[in-house]
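The structure appears below as structure tokens.
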Amino acid sequence: MNRQRTLIWLLLLFLLLSACSSGATRPTSPTADGERLFAIWCSGCHALDPAAPVALGPTMAGVATRAAANTDGLSPEAWLRRELLQPNAVISPGYNAGLMPSSYAESLRPEQIDALISFMLTLE
Ligand code: HEC
């Protein structure tokens with residue numbers, strides 16, 4: 001319980017600090033904005049380095065290639081959007097359901113979702 005409370009406080013502090021600094025560094029493009037958002041919201045569970053130790057979620061290295069190779073008949077963009085907004089629709093092989101928050105459709109603005117997808121599309 002105490003540990004949970006500490007984690008919540010740390011998260012709030014982190015969000016406050018990132019909110020304060022976001023005015024100072026103006027993103028130059030949706031992709032750059034997506035990279036910044038990824039560091040805040042996603043990097044706790046997803047590494048960008050293919051050699052990183054196994055984390056809660058799959059590494060994002062090569063995710064654009066996996067998106068392009070999907071067998072669900074979706075465009076890479078639509079596949080990434082589904083993975084982001086409905087993480088339990090299809091579970092990445094070797095990983096567990098129910099870990100990735102399924103609340104990003106509510107907690108992120110549409111342009112932030114687009115920016116994250118645009119960033120992930122660069123990770124070939
Ligand atoms: C609490 C941990 C956690 C957080 C935070 C998280 N994810 Fe995930 N994510 C997972 C797990 C676990 C999976 C694999 C299981 C699944 O498919 O739901 C996954 C799967 C994915 C996949 C599919 C990858 C593939 O190769 O199959 C994408 C894309 C993705 N996440 C993007 C994101 C983005 C973007 C964010 C930040 C907005 C994010 N995730 C935040 C845990 C997380």
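How things are named: the first chain in the structure tokens is A, the next is B, and so on; residues count from 1 in each chain; ligands count from 1 in the order shown.
For ligand 1, the neighbouring protein, DNA and RNA residues, which are those within 6 Å when only C-alpha atoms and all ligand atoms are counted, are Phe38, Trp41, Cys42, Gly44, Cys45, Leu56, Gly57, Pro58, Val63, Leu80, Glu83, Leu84, Pro87, Asn88, Val90, Ile91, Ser92, Tyr95, Asn96, Ala97, Leu99, Met100 and Leu116 of chain A.
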Item to complete: Would you list the contacts of A:Ala105 as a ChimeraX atom specification, taking every protein, DNA or RNA residue within 9 Å and counting only C-alpha atoms, but skipping same-chain residues closer than 4 positions in sequence?
Response: /A:84-86,109-110,113
Item to complete: Select, from A:Pro50, A:Ser43, A:Ser107, A:Asn70, the residue with the minimum atom-to-atom distance to A:Leu123, counting only C-alpha atoms.
Response: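 Smallest separation from A:Leu123 among the options: A:Pro50.
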Discussion item. I'd like to know which of A:Glu77, A:Glu124, A:Asp33, A:Asp72 is closest to A:Glu111, using only C-alpha atoms.
Written reply: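 Of A:Glu77, A:Glu124, A:Asp33, A:Asp72, the one nearest A:Glu111 is A:Asp33, counting only C-alpha atoms.
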Worksheet item: Excluding same-chain residues fewer than 6 positions from A:Ser118, what lies within 10 Å of it counting only C-alpha atoms, as a PyMOL selection string?
Response: chain A and resi 29-35+64+77+80+112
Discussion item. Just want the 9 Å neighbourhood of A:Thr59, counted on only C-alpha atoms, with same-chain residues fewer than 6 positions away dropped. Output as a PyMOL selection string.
Written reply: chain A and resi 45-52
Practice prompt. Determine which residues of chain A DSSP labels as alpha helix (DSSP H) from the backbone of this structure, then write them out as a PyMOL selection string.
Written response: chain A and resi 2-22+30-41+63-68+76-85+104-107+110-120
Generate a file of the selected residues that holds C-alpha atoms, formatted as a compact mmCIF listing (two decimals), in the first residue's frame.
# COMPACT_ATOMS: atom_id res chain seq x y z
CA ASN A 2 2.78 2.43 1.04
CA ARG A 3 4.80 1.49 -1.99
CA GLN A 4 1.79 2.15 -4.21
CA ARG A 5 1.30 5.58 -2.64
CA THR A 6 4.97 6.45 -3.13
CA LEU A 7 4.71 5.40 -6.76
CA ILE A 8 1.64 7.59 -7.28
CA TRP A 9 3.43 10.59 -5.74
CA LEU A 10 6.46 9.98 -7.91
CA LEU A 11 4.23 9.77 -10.97
CA LEU A 12 2.48 13.03 -10.06
CA LEU A 13 5.81 14.76 -9.48
CA PHE A 14 7.07 13.45 -12.80
CA LEU A 15 3.95 14.68 -14.63
CA LEU A 16 4.26 18.08 -12.97
CA LEU A 17 7.92 18.39 -13.94
CA SER A 18 7.25 17.33 -17.51
CA ALA A 19 4.33 19.77 -17.73
CA CYS A 20 6.63 22.59 -16.55
CA SER A 21 9.34 21.78 -19.04
CA SER A 22 7.06 21.21 -22.04
CA PRO A 30 4.81 15.49 -34.85
CA THR A 31 7.57 12.87 -34.93
CA ALA A 32 9.73 14.83 -32.47
CA ASP A 33 6.67 15.43 -30.32
CA GLY A 34 5.92 11.70 -30.46
CA GLU A 35 9.45 10.88 -29.33
CA ARG A 36 9.07 13.19 -26.35
CA LEU A 37 5.65 11.72 -25.48
CA PHE A 38 7.05 8.21 -25.84
CA ALA A 39 9.76 8.99 -23.29
CA ILE A 40 7.10 10.17 -20.84
CA TRP A 41 4.31 7.64 -21.34
CA VAL A 63 8.03 -1.90 -34.59
CA ALA A 64 7.41 -0.11 -37.91
CA THR A 65 8.63 -3.21 -39.75
CA ARG A 66 6.36 -5.43 -37.66
CA ALA A 67 3.49 -3.01 -38.33
CA ALA A 68 4.15 -3.19 -42.07
CA PRO A 76 1.00 0.05 -40.63
CA GLU A 77 -0.57 3.24 -39.25
CA ALA A 78 -3.91 1.49 -38.48
CA TRP A 79 -2.10 -1.48 -36.88
CA LEU A 80 -0.12 0.84 -34.57
CA ARG A 81 -3.28 2.78 -33.71
CA ARG A 82 -5.05 -0.45 -32.74
CA GLU A 83 -2.04 -1.65 -30.67
CA LEU A 84 -1.97 1.69 -28.86
CA LEU A 85 -5.69 2.22 -28.27
CA TYR A 104 -4.80 6.11 -23.98
CA ALA A 105 -7.85 7.00 -26.10
CA GLU A 106 -9.05 9.04 -23.12
CA SER A 107 -5.80 10.16 -21.52
CA PRO A 110 -5.89 12.97 -30.73
CA GLU A 111 -2.83 14.95 -31.91
CA GLN A 112 -0.70 13.25 -29.25
CA ILE A 113 -1.89 9.84 -30.47
CA ASP A 114 -1.04 10.84 -34.05
CA ALA A 115 2.39 12.06 -32.91
CA LEU A 116 3.15 8.79 -31.11
CA ILE A 117 2.15 6.81 -34.20
CA SER A 118 4.23 9.04 -36.44
CA PHE A 119 7.24 8.46 -34.15
CA MET A 120 6.70 4.67 -34.07
